[in-house]
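Dumped work-v3.txt below, it's compact mmCIF, C-alpha atoms and all ligand atoms:
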```txt
# COMPACT_ATOMS: atom_id res chain seq x y z
CA MET A 1 16.18 134.37 69.23
CA HIS A 2 17.75 131.00 68.75
CA ALA A 3 20.02 131.39 71.74
CA PHE A 4 17.13 132.63 73.84
CA LEU A 5 15.07 129.57 72.94
CA SER A 6 17.86 127.19 73.75
CA ILE A 7 18.43 128.88 77.10
CA LEU A 8 14.73 128.49 77.79
CA LEU A 9 14.91 124.85 76.79
CA LEU A 10 17.98 124.23 78.90
CA THR A 11 16.32 125.87 81.89
CA SER A 12 13.24 123.70 81.61
CA VAL A 13 15.29 120.53 81.11
CA SER A 14 17.41 121.21 84.17
CA THR A 15 14.33 122.11 86.23
CA SER A 16 12.66 118.83 85.34
CA LEU A 17 15.82 116.89 86.14
CA LEU A 18 16.03 118.73 89.41
CA ALA A 19 12.38 117.99 90.10
CA GLN A 20 13.11 114.29 90.03
CA ASN A 21 15.91 114.76 92.46
CA GLU A 22 13.78 116.09 95.29
CA PRO A 23 11.30 114.52 97.71
CA ILE A 24 7.89 113.90 96.11
CA ASP A 25 6.40 116.40 98.55
CA LYS A 26 7.13 119.77 96.99
CA LYS A 27 6.49 121.40 100.36
CA ALA A 28 8.86 119.10 102.27
CA THR A 29 10.49 120.85 105.23
CA ARG A 30 14.10 121.95 105.03
CA GLU A 31 15.22 119.08 107.28
CA THR A 32 13.30 116.53 105.20
CA VAL A 33 14.90 117.76 101.99
CA ALA A 34 18.27 117.65 103.76
CA LEU A 35 17.65 114.05 104.81
CA TYR A 36 16.76 113.11 101.23
CA HIS A 37 20.00 114.59 99.89
CA GLY A 38 21.97 113.40 102.90
CA LEU A 39 21.02 109.80 102.16
CA LYS A 40 22.02 110.20 98.54
CA THR A 41 25.40 111.54 99.61
CA SER A 42 26.09 109.08 102.43
CA MET A 43 25.28 106.09 100.23
CA GLN A 44 28.32 106.92 98.14
CA LYS A 45 30.37 106.00 101.23
CA GLY A 46 28.31 103.22 102.75
CA PHE A 47 24.96 102.28 104.25
CA LEU A 48 23.40 103.46 107.48
CA PHE A 49 22.83 100.58 109.84
CA GLY A 50 19.38 100.49 111.37
CA HIS A 51 17.48 98.44 113.93
CA GLN A 52 13.78 98.14 114.75
CA ASP A 53 12.75 99.10 118.32
CA ASP A 54 16.43 99.44 119.21
CA LEU A 55 16.03 101.75 122.22
CA ALA A 56 12.91 100.16 123.67
CA TYR A 57 14.13 96.65 124.44
CA GLY A 58 16.64 93.97 123.56
CA VAL A 59 17.26 90.35 124.42
CA GLY A 60 16.66 90.03 128.16
CA TRP A 61 15.90 93.69 128.93
CA LYS A 62 13.21 96.33 128.49
CA TYR A 63 13.13 100.12 128.87
CA GLN A 64 16.53 100.79 130.39
CA PRO A 65 17.39 104.42 129.60
CA GLY A 66 20.13 104.78 127.00
CA ARG A 67 20.44 101.02 126.45
CA SER A 68 20.61 99.34 123.05
CA ASP A 69 21.82 95.84 122.11
CA ILE A 70 23.86 97.43 119.31
CA LYS A 71 25.48 99.79 121.80
CA ASP A 72 26.14 96.95 124.27
CA VAL A 73 28.07 95.13 121.53
CA THR A 74 29.81 97.98 119.66
CA GLY A 75 29.84 100.94 122.06
CA ASP A 76 27.89 102.90 119.44
CA TYR A 77 24.24 103.42 118.49
CA PRO A 78 22.73 102.55 115.13
CA ALA A 79 22.37 105.33 112.54
CA LEU A 80 18.74 104.53 111.77
CA TYR A 81 15.83 103.52 113.98
CA GLY A 82 12.65 101.70 112.98
CA TRP A 83 9.37 102.10 114.87
CA GLU A 84 5.94 100.63 114.41
CA LEU A 85 2.46 102.15 114.70
CA GLY A 86 0.21 99.05 114.65
CA ARG A 87 -2.77 99.55 117.06
CA ILE A 88 -2.51 103.34 117.06
CA GLU A 89 -5.60 103.15 114.83
CA LEU A 90 -7.49 101.62 117.78
CA ASP A 91 -6.36 104.33 120.21
CA HIS A 92 -4.33 101.79 122.16
CA PRO A 93 -1.62 103.32 124.36
CA VAL A 94 0.87 100.63 123.26
CA ASN A 95 1.63 99.18 119.84
CA LEU A 96 1.21 95.57 118.77
CA ASP A 97 4.61 94.74 120.23
CA SER A 98 3.77 96.44 123.54
CA VAL A 99 5.82 99.61 122.94
CA PRO A 100 4.00 102.57 124.52
CA PHE A 101 3.48 105.35 121.97
CA ASP A 102 4.49 108.05 124.43
CA ARG A 103 7.82 106.31 125.08
CA MET A 104 8.28 105.82 121.35
CA LYS A 105 7.96 109.56 120.90
CA GLY A 106 10.73 110.13 123.46
CA PHE A 107 13.02 107.55 121.80
CA ILE A 108 12.47 109.20 118.43
CA ARG A 109 13.37 112.60 119.86
CA ASP A 110 16.51 111.24 121.57
CA ALA A 111 17.67 109.50 118.39
CA TYR A 112 17.03 112.54 116.20
CA ASP A 113 18.86 114.69 118.72
CA ARG A 114 21.92 112.55 118.03
CA GLY A 115 21.42 112.95 114.28
CA GLY A 116 19.76 109.55 113.82
CA VAL A 117 17.33 108.74 111.02
CA ILE A 118 13.78 107.56 111.77
CA THR A 119 11.64 105.15 109.77
CA ILE A 120 8.13 104.04 110.68
CA SER A 121 5.98 101.09 109.58
CA TRP A 122 2.31 100.38 110.29
CA HIS A 123 0.87 96.88 110.62
CA LEU A 124 -2.64 98.28 110.68
CA ASN A 125 -5.57 96.02 111.47
CA ASN A 126 -7.93 94.86 108.76
CA PRO A 127 -10.40 97.77 108.58
CA LEU A 128 -13.11 95.62 107.00
CA THR A 129 -13.13 92.66 109.39
CA GLY A 130 -11.47 94.05 112.51
CA GLY A 131 -8.87 91.25 112.32
CA THR A 132 -5.14 91.85 112.38
CA ALA A 133 -2.93 92.93 109.46
CA TRP A 134 -2.31 89.23 108.84
CA GLN A 135 -6.00 88.45 108.28
CA PRO A 136 -6.78 89.21 104.65
CA ALA A 137 -10.38 89.29 103.43
CA PRO A 138 -11.67 89.84 99.92
CA GLY A 139 -12.58 93.43 99.22
CA THR A 140 -10.65 94.99 102.10
CA VAL A 141 -8.63 97.45 100.01
CA ALA A 142 -11.65 98.36 97.86
CA SER A 143 -13.67 99.02 101.02
CA ILE A 144 -11.36 101.80 102.23
CA LEU A 145 -10.95 103.63 98.91
CA PRO A 146 -13.04 106.78 98.40
CA GLY A 147 -16.64 105.66 97.92
CA GLY A 148 -16.03 102.43 99.87
CA GLU A 149 -17.99 101.52 103.01
CA LYS A 150 -14.90 101.79 105.25
CA ASN A 151 -13.31 104.89 103.74
CA ALA A 152 -14.61 107.09 106.56
CA LEU A 153 -13.21 104.66 109.15
CA TYR A 154 -9.86 104.53 107.34
CA LYS A 155 -9.70 108.33 107.38
CA THR A 156 -10.15 108.34 111.16
CA TRP A 157 -7.23 105.87 111.37
CA LEU A 158 -5.10 108.13 109.19
CA ASP A 159 -6.08 111.06 111.43
CA LYS A 160 -4.55 109.21 114.40
CA VAL A 161 -1.39 108.38 112.47
CA ALA A 162 -1.17 112.01 111.33
CA ALA A 163 -1.59 113.25 114.90
CA PHE A 164 1.25 111.02 116.08
CA LEU A 165 3.56 111.94 113.19
CA GLY A 166 2.68 115.61 113.61
CA SER A 167 3.61 115.45 117.29
CA LEU A 168 7.19 114.36 116.56
CA LYS A 169 9.06 117.60 117.18
CA ASP A 170 12.68 118.41 117.89
CA ARG A 171 13.89 120.67 120.69
CA LYS A 172 13.24 123.72 118.53
CA ASP A 173 9.68 122.54 117.88
CA ARG A 174 10.40 121.62 114.26
CA PRO A 175 8.94 118.41 112.83
CA ILE A 176 11.33 115.43 112.90
CA PRO A 177 11.65 113.93 109.39
CA VAL A 178 10.30 110.40 109.11
CA ILE A 179 10.65 107.79 106.38
CA LEU A 180 7.13 106.36 106.29
CA ARG A 181 7.07 102.79 105.00
CA LEU A 182 3.51 102.19 103.87
CA PHE A 183 1.93 98.83 102.98
CA HIS A 184 5.21 96.98 103.24
CA GLU A 185 5.94 93.55 101.75
CA LEU A 186 3.06 94.12 99.37
CA ASN A 187 3.99 91.28 97.04
CA GLY A 188 3.38 88.67 99.76
CA ASN A 189 -0.02 87.19 100.51
CA TRP A 190 0.18 87.50 104.31
CA PHE A 191 -1.10 91.07 104.77
CA TRP A 192 -4.58 92.22 103.72
CA TRP A 193 -3.00 94.77 101.35
CA GLY A 194 -0.59 92.25 99.85
CA GLY A 195 -0.30 89.88 96.91
CA LYS A 196 -3.51 88.45 95.60
CA ASN A 197 -5.61 90.13 98.27
CA CYS A 198 -6.09 93.19 96.06
CA THR A 199 -5.47 94.20 92.47
CA PRO A 200 -2.48 96.35 91.48
CA ASP A 201 -4.89 99.13 90.58
CA GLU A 202 -6.55 99.00 94.01
CA LEU A 203 -3.21 99.16 95.79
CA LYS A 204 -2.03 102.05 93.66
CA ARG A 205 -5.23 103.96 94.37
CA LEU A 206 -4.87 103.23 98.07
CA TRP A 207 -1.30 104.53 98.00
CA HIS A 208 -2.32 107.71 96.17
CA PHE A 209 -5.22 108.27 98.53
CA THR A 210 -3.09 107.69 101.65
CA VAL A 211 -0.19 109.91 100.61
CA GLY A 212 -2.57 112.57 99.34
CA TYR A 213 -4.50 112.50 102.61
CA LEU A 214 -1.45 112.76 104.88
CA ARG A 215 0.32 115.35 102.76
CA ASP A 216 -2.47 117.51 101.36
CA GLU A 217 -5.38 117.09 103.80
CA LYS A 218 -3.38 116.79 107.01
CA GLY A 219 -0.57 119.08 105.82
CA LEU A 220 2.31 116.83 106.89
CA HIS A 221 5.50 117.85 105.12
CA HIS A 222 8.16 116.01 107.09
CA LEU A 223 7.71 112.61 105.45
CA LEU A 224 9.64 110.65 102.87
CA TYR A 225 7.70 107.71 101.46
CA ALA A 226 9.21 104.23 101.18
CA TYR A 227 7.71 101.56 98.91
CA ASN A 228 8.93 98.04 99.58
CA THR A 229 8.24 94.50 98.54
CA ASP A 230 9.40 91.30 100.17
CA ARG A 231 12.04 89.21 98.28
CA PHE A 232 11.41 89.35 94.53
CA THR A 233 12.90 87.90 91.37
CA SER A 234 12.24 90.39 88.56
CA GLU A 235 11.88 94.08 87.90
CA GLU A 236 8.30 93.50 86.71
CA ALA A 237 7.40 91.76 89.97
CA TRP A 238 8.74 94.66 92.05
CA LEU A 239 6.90 97.18 89.87
CA GLU A 240 3.57 95.35 89.75
CA LYS A 241 1.93 97.55 92.38
CA TYR A 242 4.32 100.50 92.19
CA PRO A 243 2.24 103.67 92.54
CA GLY A 244 4.47 105.78 90.27
CA ASP A 245 7.61 107.89 90.51
CA GLU A 246 5.75 110.93 91.77
CA TRP A 247 4.48 108.93 94.79
CA VAL A 248 7.63 107.29 96.17
CA ASP A 249 10.98 108.53 97.53
CA ILE A 250 12.65 105.33 98.64
CA ALA A 251 12.65 101.97 96.88
CA GLY A 252 13.29 98.85 98.90
CA PHE A 253 12.70 95.24 99.72
CA ASP A 254 12.79 92.98 102.79
CA ILE A 255 14.68 89.72 102.99
CA TYR A 256 15.20 87.08 105.70
CA GLN A 257 17.61 84.18 105.56
CA ARG A 258 15.94 80.85 106.21
CA GLY A 259 18.19 78.45 104.31
CA PRO A 260 21.87 77.75 103.67
CA ASN A 261 24.41 80.60 103.40
CA ALA A 262 25.48 80.01 99.81
CA SER A 263 22.01 80.17 98.29
CA PHE A 264 21.10 83.14 100.47
CA ILE A 265 24.17 85.12 99.38
CA GLN A 266 23.41 84.38 95.77
CA GLU A 267 19.72 85.32 95.98
CA PHE A 268 20.33 88.41 98.13
CA SER A 269 23.08 89.74 95.91
CA LYS A 270 21.04 89.18 92.76
CA THR A 271 18.04 90.94 94.29
CA LEU A 272 20.22 93.89 95.31
CA GLY A 273 21.33 94.18 91.69
CA LEU A 274 17.71 94.30 90.54
CA LEU A 275 16.86 96.92 93.16
CA GLU A 276 19.78 99.12 92.13
CA LYS A 277 18.69 98.97 88.51
CA ILE A 278 15.13 99.91 89.46
CA ALA A 279 16.30 102.71 91.75
CA THR A 280 18.56 104.15 89.06
CA GLU A 281 15.90 103.97 86.37
CA HIS A 282 13.25 105.53 88.60
CA LYS A 283 15.61 107.96 90.40
CA LYS A 284 14.77 106.57 93.83
CA ILE A 285 16.89 105.96 96.91
CA PRO A 286 17.56 102.22 97.32
CA ALA A 287 17.27 100.65 100.78
CA LEU A 288 17.09 97.28 102.46
CA THR A 289 14.01 98.09 104.48
CA GLU A 290 14.08 94.93 106.67
CA PHE A 291 16.42 92.00 106.95
CA GLY A 292 17.55 89.31 109.32
CA TYR A 293 18.62 85.80 110.11
CA ASN A 294 16.62 84.84 113.17
CA SER A 295 18.70 84.01 116.25
CA LEU A 296 21.96 84.39 114.28
CA PRO A 297 23.13 80.78 114.46
CA ASP A 298 26.23 81.49 112.32
CA SER A 299 28.98 83.21 114.35
CA SER A 300 30.52 84.84 111.27
CA TRP A 301 27.27 85.78 109.53
CA TRP A 302 27.93 89.53 109.42
CA THR A 303 31.20 89.51 107.52
CA GLY A 304 30.87 86.06 105.95
CA VAL A 305 27.33 86.31 104.60
CA PHE A 306 25.71 89.73 104.94
CA LEU A 307 28.70 91.88 103.92
CA LYS A 308 29.69 89.40 101.28
CA ALA A 309 26.29 89.67 99.58
CA LEU A 310 26.39 93.48 99.85
CA GLU A 311 29.82 93.72 98.24
CA GLY A 312 29.76 95.98 95.20
CA HIS A 313 26.21 97.19 95.89
CA LYS A 314 25.07 100.63 96.96
CA LEU A 315 22.27 101.17 99.46
CA ALA A 316 21.27 104.14 101.59
CA TYR A 317 20.40 102.00 104.60
CA VAL A 318 19.76 98.51 105.89
CA MET A 319 17.45 97.80 108.80
CA ALA A 320 17.58 94.70 110.99
CA TRP A 321 14.28 93.64 112.51
CA ARG A 322 13.56 93.63 116.23
CA ASN A 323 15.37 91.93 119.11
CA ALA A 324 12.23 90.60 120.74
CA GLY A 325 14.05 87.85 122.66
CA VAL A 326 11.76 85.18 124.05
CA LYS A 327 8.18 86.04 123.09
CA GLN A 328 4.90 85.27 124.84
CA ASP A 329 4.36 82.17 122.71
CA GLY A 330 7.75 80.82 123.84
CA SER A 331 9.49 81.35 120.48
CA SER A 332 12.60 83.46 120.27
CA GLU A 333 13.34 86.28 117.83
CA PHE A 334 16.35 88.56 117.40
CA TYR A 335 18.37 89.82 114.42
CA VAL A 336 21.32 91.71 115.87
CA PRO A 337 23.65 90.24 118.49
CA TYR A 338 23.40 91.10 122.17
CA LYS A 339 26.41 91.06 124.48
CA GLY A 340 27.84 87.54 124.55
CA GLN A 341 25.79 86.26 121.58
CA ALA A 342 27.67 83.98 119.17
CA SER A 343 27.99 86.57 116.37
CA ALA A 344 28.90 89.55 118.61
CA ALA A 345 32.65 89.51 117.81
CA ASP A 346 31.93 89.28 114.09
CA PHE A 347 29.43 92.13 114.40
CA ARG A 348 32.26 94.28 115.82
CA GLU A 349 34.30 93.51 112.70
CA PHE A 350 31.28 94.44 110.61
CA TYR A 351 31.00 97.66 112.62
CA LYS A 352 34.62 98.55 111.80
CA ASN A 353 34.13 98.08 108.06
CA SER A 354 34.28 101.44 106.28
CA HIS A 355 30.99 100.79 104.44
CA THR A 356 28.91 100.34 107.60
CA LEU A 357 27.71 103.65 109.05
CA PHE A 358 26.62 103.92 112.68
CA GLN A 359 25.94 106.87 114.98
CA LYS A 360 29.57 108.05 115.22
CA ASP A 361 29.92 107.98 111.44
CA LEU A 362 26.73 110.03 111.15
CA GLU A 363 28.31 112.76 113.24
CA ARG A 364 30.83 113.18 110.43
CA GLU A 365 28.31 112.74 107.63
CA LYS A 366 25.95 115.49 108.85
CA ILE A 367 23.01 113.80 107.23
CA TYR A 368 20.57 116.63 107.98
C1 LIG A 401 6.95 90.30 113.00
C2 LIG A 401 7.39 89.74 114.32
C3 LIG A 401 6.24 89.88 115.28
C4 LIG A 401 5.80 91.36 115.34
C5 LIG A 401 5.53 91.90 113.95
C6 LIG A 401 5.19 93.39 113.93
O1 LIG A 401 7.90 90.10 112.02
O2 LIG A 401 8.51 90.43 114.82
O3 LIG A 401 6.64 89.44 116.55
O4 LIG A 401 4.64 91.49 116.11
O5 LIG A 401 6.67 91.68 113.14
O6 LIG A 401 6.19 94.18 114.47
```

Rewrite the structure from the file as structure tokens, please.
Amino acid sequence: MHAFLSILLLTSVSTSLLAQNEPIDKKATRETVALYHGLKTSMQKGFLFGHQDDLAYGVGWKYQPGRSDIKDVTGDYPALYGWELGRIELDHPVNLDSVPFDRMKGFIRDAYDRGGVITISWHLNNPLTGGTAWQPAPGTVASILPGGEKNALYKTWLDKVAAFLGSLKDRKDRPIPVILRLFHELNGNWFWWGGKNCTPDELKRLWHFTVGYLRDEKGLHHLLYAYNTDRFTSEEAWLEKYPGDEWVDIAGFDIYQRGPNASFIQEFSKTLGLLEKIATEHKKIPALTEFGYNSLPDSSWWTGVFLKALEGHKLAYVMAWRNAGVKQDGSSEFYVPYKGQASAADFREFYKNSHTLFQKDLEREKIY
């Protein structure tokens, strides 16, 4: 009797441990579960290197089949690709950075075909005012929660996102797993869902509603969910709007260098330590969901600053923001080198480092 009870107990303990070691979606597809475990395994060796909009354009070029600034510099593709859905909610054919959604679908398929990992963000407009994501207004989050005046509108927006995500299929017609990064940088005040523009409780309810809608109403089971803040200085700050362990797969933050190297290395490294602690305690996969040093003015930034700060830390992936080049307003924006850029040679050294994983490393890792 005693032995029987303890076996029972052991079984239930190991099941609950196991339960925390799986995607939050209990019906996640085989490939999605494989990605989840693949990331946990690959992070023991190093981090996947990712880049936003990598295949769509780079500095000085747009839509050249097979091209990528990372490939121009290293001869290899990134391991992870970021894409953005802003304006899909308005039925626009192109996103807020002019990337056509139909082309995006093709790029996602090509990357997945090579074993690449896909992550998607959504700078959705303000559903209350019709302004952009950067135009907060009091009551916006409350207005789209169930019972709110814009909940029905928000559901139609989620329907469009779900249709796009649902249409991402591989050559065998199976859904392509996507890391969906909802309501990013939510500790900053610049987005309508961020900082003081809503209460922690409102954001948590919005998260629960959104995940529940996509997963249970729309039946999408090829998604991992990433929760990320901007730079932060304490565990409490990161957790302020955290929707709970059963609602998040990946834990991350975004950070951009805007000041001197030494203080950036110190802050970045300290923040990575905090993230690792949080990820361990909450059994989540840690990731640097966005980073960059605009226009890369330091020719040895990759090995001298970025790698230095990452030393001794474990992350599943890091994702550099987009190589927009010269934008319509005349300003310039890029975060990975293009051929001939000052930090290109150093980026090749970074590429050779055993902790940085690109496409060719993925072929060995078999992440899916
Ligand atoms: C910002 C900039 C903008 C862009 C936005 C959404 O950080 O790159 O140019 O429109 O992200 O992708």

Could the centre and edge lengths of an axis-aligned box, enclosing all atoms of ligand LIG 401 (chain A) in the file with 5 Å extra on each side, be given in Å to one decimal as AutoDock Vina command-line options?
```
--center_x 6.6 --center_y 91.8 --center_z 114.3 --size_x 13.9 --size_y 14.7 --size_z 14.5
```

Fewer than 4 positions away in the same chain doesn't count, so skip those; otherwise give me all residues within 10 Å of region 332-345 of chain A, counting all atoms listed in the file, as a ChimeraX atom specification. /A:51-52,54,58-60,68-74,256,291-303,319-328,349-351

If you count all atoms listed in the file, which residues fall within 6 Å of region 96-106 of chain A, apart from same-chain ones fewer than 2 positions away, as a JSON list (two decimals) with C-alpha atoms, keeping the file's coordinate frame?
```
[["chain", "number", "residue", "atom", "x", "y", "z"],
["A", 86, "GLY", "CA", 0.21, 99.05, 114.65],
["A", 87, "ARG", "CA", -2.77, 99.55, 117.06],
["A", 93, "PRO", "CA", -1.62, 103.32, 124.36],
["A", 94, "VAL", "CA", 0.87, 100.63, 123.26],
["A", 108, "ILE", "CA", 12.47, 109.20, 118.43],
["A", 109, "ARG", "CA", 13.37, 112.60, 119.86]]
```

Provide the CA of Asp201 (chain A) to CA of Trp157 (chain A) distance in Å, to one decimal place.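 Between these atoms lies a distance of 22.0 Å.
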
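Distance annotation: of A:Lys150, A:Arg171, A:Lys241, A:His184, the residue with the minimal separation from ligand LIG 401 (chain A) is A:His184; atom set is all atoms listed in the file.
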
I'd like the interatomic distance between CA of Ala34 (chain A) and CA of Tyr368 (chain A), to a tenth of an Å.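 Calculated distance between CA of Ala34 (chain A) and CA of Tyr368 (chain A) is 4.9 Å.
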
Just give me the gap between CA of Leu288 (chain A) and CA of Leu275 (chain A) in Å, one decimal is fine. 9.3 Å
